[in-house]
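Contents: one structure, followed by commentary.
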Amino acid sequence: MRVVVADDSRVMRQIVIRTLRQAGYEWDITEASDGAESLQLARDVDPDLVLSDWNMPEMTGIDMLRAMRAAGMDIPLGFVTSEGSPEMREQAEAAGALFLIAKPFTADTFRETIDPFLA
Amino acid sequence: MSAAIDMSVFSETVFAIAEEVFSAMIDPEPGALQPSVEDVEAPADATYAWVDVHGEHPGRVMLGTEHETAMLLTRALLMMAQDEEVSDADFVDAVGEIANVVGGNVKALVPDPGPLTLPQVAAEPPADGAVLLHDAQFAWRGRPLGISLWSLP
């Protein structure tokens, strides 16, 4: 399974990838450092899933998701973000996100949230 | 932001948030972060990391600690050896992300908050007229660490 992990923090990308491995996901992961790079990777790599931060320079995660959908790309996307307000969850769902995981997270959080979408 | 947060329980609230952040990201075993009742003077060699929340009640959540403690936090976050060299980029990134995650969770306490800024990291706190509302002191692995809430002009 090909997965793009998008976060402007290299440290956070490392932690997300480490936690995915702890959760048992042996995925082929490509990293993106902002929304624009992630959008380009979505076009180039055609991943099976995008895991994206919300607040990033160049292009935010929600703008990237909207741009993907506007371009006809239905690649599944979940947010992994430091903010998980009800308003953001509503925006995420309305834009077509599968889920929103609020930081901090654990391997259990990842499994509980992501597993239902892998069936 | 402050108008919507109950200051009388800020220390307890921010401790609960920080404990969750630290146990998930830094120390899998609980107990590394403890509330502290000691008044701690600003360290001479300090690191500050903060995020701002814009909107109707603009505010700032700032983490402050000794540089050496921030370096230990970075190594712990990145699962590095105690003597492993930490690059400046990783240091700023790691300490900023801790402030970002704590700040994002504090922001969640506020109804209808504005956007959160990207984290900033510096050796001095920003001198922009922010007013200190509350300073919660903790001990991480026995080392002083403060998390403060500020009102922005």
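Chain labels run A, B, ... following the order of the structure tokens; each chain numbers its residues from 1, and ligands are numbered from 1 in the order shown.
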Could you list, as JSON, numbers by chain, every residue of chain B that has an atom within 10 Å of an atom of chain A, counting only C-alpha atoms? {"B": [17, 18, 20, 21, 22, 23, 24, 25, 28, 74, 77, 78, 79, 89, 90, 91, 92, 93, 94, 95, 96, 97, 98, 99, 100, 101, 102, 103, 104, 105, 106, 107, 108, 109, 110, 111, 112, 113, 115, 116, 117, 118]}
From stretch 15-153 of chain B, collect each residue whose DSSP state is strand (DSSP E) and return the set as number ranges by chain. B: 33-35, 46-53, 59-66, 120-122, 131-140, 143-151
Could you save the residues just selected, with C-alpha atoms, as a PDB file, in the first residue's frame?
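Output saved as out-v7.pdb:
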ATOM      1  CA  LEU B  33       6.210  14.934  33.968  1.00  0.00           C
ATOM      2  CA  GLN B  34       5.066  16.213  37.359  1.00  0.00           C
ATOM      3  CA  PRO B  35       3.408  19.417  38.550  1.00  0.00           C
ATOM      4  CA  ALA B  46      16.743  29.235  27.875  1.00  0.00           C
ATOM      5  CA  THR B  47      14.657  27.990  24.987  1.00  0.00           C
ATOM      6  CA  TYR B  48      11.143  29.227  24.340  1.00  0.00           C
ATOM      7  CA  ALA B  49       8.663  27.701  21.901  1.00  0.00           C
ATOM      8  CA  TRP B  50       5.219  29.130  21.267  1.00  0.00           C
ATOM      9  CA  VAL B  51       2.152  29.160  19.060  1.00  0.00           C
ATOM     10  CA  ASP B  52      -0.373  31.992  18.799  1.00  0.00           C
ATOM     11  CA  VAL B  53      -4.111  31.754  18.359  1.00  0.00           C
ATOM     12  CA  GLY B  59      -3.565  34.392  22.837  1.00  0.00           C
ATOM     13  CA  ARG B  60      -0.287  32.549  23.047  1.00  0.00           C
ATOM     14  CA  VAL B  61       0.724  29.221  24.553  1.00  0.00           C
ATOM     15  CA  MET B  62       4.448  29.158  25.326  1.00  0.00           C
ATOM     16  CA  LEU B  63       6.757  26.478  26.612  1.00  0.00           C
ATOM     17  CA  GLY B  64       9.931  27.659  28.339  1.00  0.00           C
ATOM     18  CA  THR B  65      12.813  25.655  29.735  1.00  0.00           C
ATOM     19  CA  GLU B  66      16.595  25.457  29.973  1.00  0.00           C
ATOM     20  CA  GLN B 120       8.213  29.712  16.769  1.00  0.00           C
ATOM     21  CA  VAL B 121      11.349  28.848  18.745  1.00  0.00           C
ATOM     22  CA  ALA B 122      13.861  31.325  20.214  1.00  0.00           C
ATOM     23  CA  VAL B 131       0.393  39.973  28.850  1.00  0.00           C
ATOM     24  CA  LEU B 132       1.060  36.928  31.024  1.00  0.00           C
ATOM     25  CA  LEU B 133      -2.172  35.362  32.250  1.00  0.00           C
ATOM     26  CA  HIS B 134      -0.903  32.199  33.844  1.00  0.00           C
ATOM     27  CA  ASP B 135       2.343  30.298  34.227  1.00  0.00           C
ATOM     28  CA  ALA B 136       2.096  26.603  35.046  1.00  0.00           C
ATOM     29  CA  GLN B 137       5.321  25.056  36.325  1.00  0.00           C
ATOM     30  CA  PHE B 138       6.258  21.419  35.856  1.00  0.00           C
ATOM     31  CA  ALA B 139       9.221  19.155  36.382  1.00  0.00           C
ATOM     32  CA  TRP B 140      10.127  16.880  33.473  1.00  0.00           C
ATOM     33  CA  ARG B 143      14.044  19.511  35.315  1.00  0.00           C
ATOM     34  CA  PRO B 144      12.000  22.737  35.443  1.00  0.00           C
ATOM     35  CA  LEU B 145       9.679  23.382  32.517  1.00  0.00           C
ATOM     36  CA  GLY B 146       6.969  26.030  32.271  1.00  0.00           C
ATOM     37  CA  ILE B 147       3.903  26.306  30.093  1.00  0.00           C
ATOM     38  CA  SER B 148       2.345  29.750  30.073  1.00  0.00           C
ATOM     39  CA  LEU B 149      -0.751  31.370  28.641  1.00  0.00           C
ATOM     40  CA  TRP B 150      -0.586  34.927  27.313  1.00  0.00           C
ATOM     41  CA  SER B 151      -3.061  37.458  26.035  1.00  0.00           C
TER      42      SER B 151
END
For A:Pro47, which residue out of A:Ala92, A:Met64, A:Ile29, A:Ile101 is the nearest one, using only C-alpha atoms? A:Ile29
Go ahead and compute the interatomic distance for atom CA of A:Asp7 and atom CA of A:Asp34, in Å to one decimal.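 Separation of atom CA of A:Asp7 and atom CA of A:Asp34: 5.9 Å.
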Give me the residues near A:Ile114 as a ChimeraX atom specification, where near means some atom within 9 Å (using only C-alpha atoms) and where sequence neighbours in that chain fewer than 5 positions away do not count. /A:78,98-99,109
Would you mind reading off the distance between atom CA of B:Ser11 and atom CA of B:Leu152, one decimal, in Å?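 So the answer is 19.6 Å.
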Tell me, as a compact mmCIF listing (two decimals) with N, CA and C atoms, in the first residue's frame, which residues lie within 7 Å of A:Leu100, counting only C-alpha atoms; anything in the same chain fewer than 6 positions away does not count.
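Listed below is the output, part39.txt:
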# COMPACT_ATOMS: atom_id res chain seq x y z
N GLY A 78 -6.80 11.17 5.39
CA GLY A 78 -7.11 11.37 6.80
C GLY A 78 -6.18 12.44 7.35
N PHE A 79 -6.72 13.26 8.27
CA PHE A 79 -5.89 14.29 8.88
C PHE A 79 -5.24 13.78 10.17
N VAL A 80 -4.00 14.19 10.40
CA VAL A 80 -3.30 13.96 11.66
C VAL A 80 -2.82 15.32 12.10
N ARG A 89 -13.42 19.18 12.53
CA ARG A 89 -13.90 17.85 12.15
C ARG A 89 -15.03 17.96 11.12
Contacts of stretch 61-63 of chain A at 6 Å or less, counting only C-alpha atoms, minus same-chain residues fewer than 6 places along, as a PDB file with C-alpha atoms, in the first residue's frame?
ATOM      1  CA  GLY A  35       0.142  20.728   1.020  1.00  0.00           C
ATOM      2  CA  ASP A  53      -1.299  17.679   8.817  1.00  0.00           C
ATOM      3  CA  TRP A  54      -3.777  20.567   8.669  1.00  0.00           C
TER       4      TRP A  54
END
At a cut-off of 12 Å, using only C-alpha atoms, what residues contact A:Phe117? Leave out same-chain residues fewer than 4 positions from it and give the result as a list of chain:residue names.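 Everything that qualifies: A:Asp48, A:Leu49, A:Pro76, A:Leu77, A:Gly78, A:Ala97, A:Leu98, A:Phe99, A:Phe110, A:Arg111, A:Glu112, A:Thr113.
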Restricting the output to N, CA and C atoms, write the selected residues as an mmCIF file, in the first residue's frame.
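Heads up, here's the output in result.cif:
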data_model
loop_
_atom_site.group_PDB
_atom_site.id
_atom_site.type_symbol
_atom_site.label_atom_id
_atom_site.label_comp_id
_atom_site.auth_asym_id
_atom_site.auth_seq_id
_atom_site.Cartn_x
_atom_site.Cartn_y
_atom_site.Cartn_z
ATOM 1 N N ASP A 48 -2.529 5.138 -2.155
ATOM 2 C CA ASP A 48 -3.771 4.527 -1.680
ATOM 3 C C ASP A 48 -4.353 5.306 -0.509
ATOM 4 N N LEU A 49 -3.510 6.121 0.130
ATOM 5 C CA LEU A 49 -3.960 6.908 1.291
ATOM 6 C C LEU A 49 -3.017 8.098 1.466
ATOM 7 N N PRO A 76 -8.252 8.406 -0.782
ATOM 8 C CA PRO A 76 -8.650 8.556 0.620
ATOM 9 C C PRO A 76 -7.642 9.403 1.393
ATOM 10 N N LEU A 77 -8.142 10.295 2.240
ATOM 11 C CA LEU A 77 -7.265 11.180 3.017
ATOM 12 C C LEU A 77 -7.750 11.260 4.463
ATOM 13 N N GLY A 78 -6.804 11.172 5.390
ATOM 14 C CA GLY A 78 -7.106 11.374 6.804
ATOM 15 C C GLY A 78 -6.181 12.442 7.354
ATOM 16 N N ALA A 97 -12.809 14.102 3.965
ATOM 17 C CA ALA A 97 -11.778 13.347 4.700
ATOM 18 C C ALA A 97 -12.404 12.120 5.359
ATOM 19 N N LEU A 98 -11.596 11.065 5.476
ATOM 20 C CA LEU A 98 -12.086 9.840 6.115
ATOM 21 C C LEU A 98 -12.144 9.988 7.629
ATOM 22 N N PHE A 99 -11.131 10.664 8.188
ATOM 23 C CA PHE A 99 -11.033 10.767 9.653
ATOM 24 C C PHE A 99 -10.114 11.910 10.016
ATOM 25 N N PHE A 110 -3.989 5.039 16.134
ATOM 26 C CA PHE A 110 -3.891 4.815 14.683
ATOM 27 C C PHE A 110 -4.684 3.565 14.284
ATOM 28 N N ARG A 111 -4.465 2.463 15.011
ATOM 29 C CA ARG A 111 -5.155 1.207 14.661
ATOM 30 C C ARG A 111 -6.667 1.368 14.753
ATOM 31 N N GLU A 112 -7.125 1.965 15.884
ATOM 32 C CA GLU A 112 -8.575 2.109 16.098
ATOM 33 C C GLU A 112 -9.217 2.981 15.023
ATOM 34 N N THR A 113 -8.477 3.989 14.567
ATOM 35 C CA THR A 113 -9.056 4.928 13.605
ATOM 36 C C THR A 113 -8.910 4.437 12.168
#
Which of A:Ser52, A:Ala95, A:Leu118, A:Ile17 sits closest to A:Glu37 [using only C-alpha atoms]: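 Counting only C-alpha atoms, the residue closest to A:Glu37 is A:Ser52.
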